[in-house]
Structure formats: structure tokens, C-alpha cells
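Visitor: Below is one structure. I have some questions about it.
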Amino acid sequence: MACSPVILVVDDQEIVRLTIARILTDAGYVVLDAADGQEAADLLTAIEPALLITDSRMPRMSGEALIAAVRAKNPKLRILRVTACTDP
């Protein structure tokens, strides 16, 4: 039996984070979630997900800062940045 890929979902809005996580879990993925970039960065010291889905604007550590930190350690990690913000 093959292991499902792990996806890390990061968003400070709980309803958004849990909705994305539920959809991916229902599709057969193993999903971990974090409420902000710092929590995600802490998780990433212990896991190597196949995909990181992150919000752009979050408290403690923004999505951009998280992406920069991740890229420094794992430049090949696939990342999907999402946001509901319409500001440039």
C-alpha cells in the first residue's frame, strides 16, 4: 500500500484552513495544518511535505517570509500561495 503525499496547509483563518484540509483529506491526501507561518516553519523542521499551500498575509510570519525560509532549505518544494486579499 503506497503512502499518500503529505500536504501542509497554512492559513490564519480557521474556516479556510479546515475547509481546504477537509477537501484534500477527502481526496486521499494526508494533511497537516498550521495557523500561521511560524507554526508552519516549526512543523517543517520535522516533516517534508509534497506540497505547501500558504496564505500570503498572516500574523507572526507572513506567507512571503515562510516561502523565503522554505526556499532557502528546500528549493524544490512545490508551493501554492493563496490569498483573499485584493491589495497589491
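A note on labels: chains of the C-alpha cells are A, B, ... as shown, every chain counts residues from 1, and ligands are counted from 1 in their shown order.
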Skipping near chain neighbours, those fewer than 3 positions away, what residues fall within 8 Å of stretch 72-78 of chain A using only C-alpha atoms, listed as an mmCIF file with N, CA, C and O atoms, in the first residue's frame?
Guide:
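The new file result18.cif reads:
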data_model
loop_
_atom_site.group_PDB
_atom_site.id
_atom_site.type_symbol
_atom_site.label_atom_id
_atom_site.label_comp_id
_atom_site.auth_asym_id
_atom_site.auth_seq_id
_atom_site.Cartn_x
_atom_site.Cartn_y
_atom_site.Cartn_z
ATOM 1 N N PRO A 49 6.780 17.946 3.402
ATOM 2 C CA PRO A 49 5.559 17.704 2.630
ATOM 3 C C PRO A 49 5.840 17.698 1.130
ATOM 4 O O PRO A 49 6.879 18.190 0.678
ATOM 5 N N ALA A 50 4.900 17.136 0.389
ATOM 6 C CA ALA A 50 4.997 17.158 -1.068
ATOM 7 C C ALA A 50 4.555 18.507 -1.617
ATOM 8 O O ALA A 50 4.960 18.909 -2.706
ATOM 9 N N LEU A 51 3.727 19.208 -0.834
ATOM 10 C CA LEU A 51 3.177 20.491 -1.263
ATOM 11 C C LEU A 51 2.913 21.357 -0.041
ATOM 12 O O LEU A 51 2.440 20.868 0.987
ATOM 13 N N LEU A 52 3.212 22.637 -0.175
ATOM 14 C CA LEU A 52 2.887 23.639 0.843
ATOM 15 C C LEU A 52 1.858 24.578 0.235
ATOM 16 O O LEU A 52 2.100 25.156 -0.830
ATOM 17 N N ALA A 68 10.132 32.265 1.650
ATOM 18 C CA ALA A 68 11.571 32.559 1.577
ATOM 19 C C ALA A 68 12.368 31.601 2.460
ATOM 20 O O ALA A 68 13.418 31.090 2.042
ATOM 21 N N ALA A 69 11.884 31.337 3.664
ATOM 22 C CA ALA A 69 12.578 30.422 4.579
ATOM 23 C C ALA A 69 12.580 29.002 4.026
ATOM 24 O O ALA A 69 13.592 28.296 4.092
#
Visitor: Quick one: residues within 8 Å of A:Ser62, only C-alpha atoms, excluding same-chain residues fewer than 5 positions away - as a PDB file with C-alpha atoms, in the first residue's frame?
Guide:
ATOM      1  CA  ASP A  36       0.448  30.950  10.745  1.00  0.00           C
ATOM      2  CA  GLY A  37       3.835  30.984   9.104  1.00  0.00           C
ATOM      3  CA  ASP A  55      -1.894  32.215   2.719  1.00  0.00           C
ATOM      4  CA  SER A  56       0.013  35.419   1.994  1.00  0.00           C
ATOM      5  CA  ARG A  57      -0.968  37.591   4.944  1.00  0.00           C
TER       6      ARG A  57
END
Visitor: Using only C-alpha atoms, which protein or nucleic acid residues come within 10 Å of A:Ala35? Drop anything in the same chain fewer than 3 positions from it, and give the result as a count of residues only.
Guide: 15
Visitor: Nearest to A:Leu80: which of A:Cys3, A:Leu18, A:Ile67, A:Ile53 is it, counting only C-alpha atoms?
Guide: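 For A:Leu80, the nearest of the candidates is A:Ile53.
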Visitor: Once DSSP has gone over the backbone, tell me which residues of chain A are in strand (DSSP E), as a compact mmCIF listing (two decimals) with N, CA and C atoms, in the first residue's frame.
Guide:
# COMPACT_ATOMS: atom_id res chain seq x y z
N VAL A 6 1.95 14.07 1.66
CA VAL A 6 1.60 14.97 2.75
C VAL A 6 1.52 16.39 2.21
N ILE A 7 0.45 17.09 2.56
CA ILE A 7 0.28 18.49 2.17
C ILE A 7 0.15 19.31 3.44
N LEU A 8 0.90 20.40 3.50
CA LEU A 8 0.81 21.32 4.64
C LEU A 8 0.00 22.53 4.21
N VAL A 9 -1.09 22.80 4.94
CA VAL A 9 -1.98 23.92 4.65
C VAL A 9 -1.79 24.96 5.76
N VAL A 10 -1.49 26.20 5.34
CA VAL A 10 -1.22 27.27 6.30
C VAL A 10 -2.13 28.45 6.02
N VAL A 30 -2.77 13.09 2.93
CA VAL A 30 -2.50 13.30 4.35
C VAL A 30 -2.27 14.80 4.50
N VAL A 31 -3.03 15.43 5.38
CA VAL A 31 -2.96 16.89 5.50
C VAL A 31 -2.59 17.28 6.92
N LEU A 32 -1.62 18.17 7.01
CA LEU A 32 -1.28 18.82 8.26
C LEU A 32 -1.62 20.29 8.08
N ASP A 33 -1.94 20.97 9.18
CA ASP A 33 -2.28 22.38 9.05
C ASP A 33 -1.60 23.20 10.13
N ALA A 34 -1.44 24.48 9.81
CA ALA A 34 -0.83 25.44 10.73
C ALA A 34 -1.57 26.76 10.61
N LEU A 51 3.73 19.21 -0.83
CA LEU A 51 3.18 20.49 -1.26
C LEU A 51 2.91 21.36 -0.04
N LEU A 52 3.21 22.64 -0.17
CA LEU A 52 2.89 23.64 0.84
C LEU A 52 1.86 24.58 0.23
N ILE A 53 0.71 24.71 0.90
CA ILE A 53 -0.30 25.68 0.49
C ILE A 53 -0.34 26.73 1.59
N THR A 54 -0.05 27.98 1.25
CA THR A 54 0.02 29.01 2.27
C THR A 54 -0.70 30.28 1.87
N ASP A 55 -1.30 30.89 2.86
CA ASP A 55 -1.89 32.22 2.72
C ASP A 55 -0.75 33.22 2.62
N ARG A 78 7.22 22.15 -3.80
CA ARG A 78 6.12 22.80 -4.53
C ARG A 78 5.32 23.64 -3.55
N ILE A 79 5.02 24.87 -3.97
CA ILE A 79 4.32 25.82 -3.11
C ILE A 79 3.19 26.46 -3.89
N LEU A 80 2.04 26.52 -3.25
CA LEU A 80 0.88 27.21 -3.80
C LEU A 80 0.53 28.32 -2.81
N ARG A 81 0.63 29.56 -3.26
CA ARG A 81 0.31 30.70 -2.40
C ARG A 81 -1.10 31.15 -2.75
N VAL A 82 -1.94 31.28 -1.72
CA VAL A 82 -3.32 31.72 -1.91
C VAL A 82 -3.59 32.93 -1.04
Visitor: Using only C-alpha atoms, can you tell me which of A:Ala65, A:Ala27, A:Ala84, A:Val70 comes closest to A:Glu48?
Guide: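 Going through A:Ala65, A:Ala27, A:Ala84, A:Val70 one by one, the smallest distance to A:Glu48 is for A:Val70.
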Visitor: Give the helix (DSSP H, G or I) residues of stretch 11-86 of chain A, as assigned by DSSP on the backbone, as a ChimeraX atom specification.
Guide: /A:14-26,37-43,63-73
Visitor: Since we have the selection now, will you write its residues out, keeping N, CA, C and O atoms, as a compact mmCIF listing (two decimals), in the first residue's frame?
Guide:
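Output below, filename selection_28.txt:
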# COMPACT_ATOMS: atom_id res chain seq x y z
N GLU A 14 -9.27 30.05 10.33
CA GLU A 14 -9.52 28.65 10.62
C GLU A 14 -10.49 28.00 9.63
O GLU A 14 -10.26 26.88 9.16
N ILE A 15 -11.56 28.70 9.28
CA ILE A 15 -12.56 28.11 8.37
C ILE A 15 -11.95 27.82 7.00
O ILE A 15 -12.24 26.79 6.40
N VAL A 16 -11.10 28.69 6.52
CA VAL A 16 -10.43 28.47 5.23
C VAL A 16 -9.48 27.30 5.33
O VAL A 16 -9.49 26.39 4.50
N ARG A 17 -8.65 27.30 6.37
CA ARG A 17 -7.66 26.24 6.57
C ARG A 17 -8.33 24.87 6.68
O ARG A 17 -7.93 23.91 6.02
N LEU A 18 -9.36 24.79 7.50
CA LEU A 18 -10.01 23.50 7.72
C LEU A 18 -10.81 23.03 6.50
O LEU A 18 -10.90 21.83 6.23
N THR A 19 -11.35 23.98 5.75
CA THR A 19 -12.08 23.61 4.53
C THR A 19 -11.12 23.03 3.49
O THR A 19 -11.41 21.98 2.89
N ILE A 20 -10.01 23.68 3.27
CA ILE A 20 -9.01 23.17 2.33
C ILE A 20 -8.52 21.80 2.81
O ILE A 20 -8.41 20.85 2.01
N ALA A 21 -8.23 21.69 4.09
CA ALA A 21 -7.74 20.42 4.64
C ALA A 21 -8.76 19.31 4.45
O ALA A 21 -8.40 18.18 4.08
N ARG A 22 -10.03 19.60 4.68
CA ARG A 22 -11.07 18.57 4.53
C ARG A 22 -11.19 18.11 3.07
O ARG A 22 -11.31 16.92 2.79
N ILE A 23 -11.16 19.05 2.14
CA ILE A 23 -11.25 18.70 0.72
C ILE A 23 -10.09 17.80 0.32
O ILE A 23 -10.27 16.78 -0.36
N LEU A 24 -8.89 18.15 0.75
CA LEU A 24 -7.71 17.36 0.40
C LEU A 24 -7.71 16.00 1.09
O LEU A 24 -7.33 14.99 0.49
N THR A 25 -8.15 15.96 2.34
CA THR A 25 -8.26 14.69 3.06
C THR A 25 -9.26 13.77 2.38
O THR A 25 -9.00 12.57 2.18
N ASP A 26 -10.41 14.33 1.98
CA ASP A 26 -11.42 13.54 1.28
C ASP A 26 -10.88 13.01 -0.06
O ASP A 26 -11.33 11.98 -0.54
N GLY A 37 2.56 31.36 9.69
CA GLY A 37 3.84 30.98 9.10
C GLY A 37 4.83 30.43 10.10
O GLY A 37 5.58 29.51 9.79
N GLN A 38 4.84 30.97 11.31
CA GLN A 38 5.79 30.49 12.32
C GLN A 38 5.46 29.06 12.73
O GLN A 38 6.35 28.22 12.84
N GLU A 39 4.18 28.77 12.92
CA GLU A 39 3.77 27.40 13.25
C GLU A 39 4.16 26.44 12.12
O GLU A 39 4.63 25.33 12.36
N ALA A 40 3.97 26.88 10.89
CA ALA A 40 4.34 26.06 9.74
C ALA A 40 5.85 25.85 9.69
O ALA A 40 6.32 24.73 9.45
N ALA A 41 6.63 26.91 9.93
CA ALA A 41 8.09 26.79 9.92
C ALA A 41 8.54 25.79 10.97
O ALA A 41 9.46 24.99 10.72
N ASP A 42 7.90 25.81 12.13
CA ASP A 42 8.23 24.85 13.18
C ASP A 42 7.93 23.42 12.72
O ASP A 42 8.72 22.51 12.93
N LEU A 43 6.78 23.22 12.07
CA LEU A 43 6.43 21.89 11.56
C LEU A 43 7.41 21.42 10.49
O LEU A 43 7.74 20.24 10.42
N GLY A 63 3.14 34.72 4.68
CA GLY A 63 3.37 33.68 3.70
C GLY A 63 4.63 33.92 2.89
O GLY A 63 5.36 32.99 2.57
N GLU A 64 4.89 35.17 2.57
CA GLU A 64 6.10 35.50 1.81
C GLU A 64 7.35 35.15 2.60
O GLU A 64 8.32 34.60 2.05
N ALA A 65 7.36 35.47 3.90
CA ALA A 65 8.51 35.14 4.75
C ALA A 65 8.66 33.63 4.89
O ALA A 65 9.77 33.10 4.87
N LEU A 66 7.54 32.92 5.02
CA LEU A 66 7.57 31.46 5.10
C LEU A 66 8.14 30.87 3.81
O LEU A 66 9.02 30.00 3.86
N ILE A 67 7.68 31.36 2.68
CA ILE A 67 8.17 30.86 1.39
C ILE A 67 9.68 31.08 1.26
O ILE A 67 10.41 30.19 0.82
N ALA A 68 10.13 32.26 1.65
CA ALA A 68 11.57 32.56 1.58
C ALA A 68 12.37 31.60 2.46
O ALA A 68 13.42 31.09 2.04
N ALA A 69 11.88 31.34 3.66
CA ALA A 69 12.58 30.42 4.58
C ALA A 69 12.58 29.00 4.03
O ALA A 69 13.59 28.30 4.09
N VAL A 70 11.46 28.58 3.46
CA VAL A 70 11.35 27.24 2.90
C VAL A 70 12.27 27.09 1.69
O VAL A 70 12.97 26.10 1.54
N ARG A 71 12.27 28.08 0.82
CA ARG A 71 13.10 28.04 -0.39
C ARG A 71 14.59 27.95 -0.05
O ARG A 71 15.35 27.30 -0.78
N ALA A 72 14.99 28.58 1.05
CA ALA A 72 16.40 28.53 1.45
C ALA A 72 16.81 27.12 1.84
O ALA A 72 17.96 26.72 1.62
N LYS A 73 15.88 26.33 2.37
CA LYS A 73 16.20 24.97 2.82
C LYS A 73 15.79 23.91 1.81
O LYS A 73 16.42 22.86 1.73
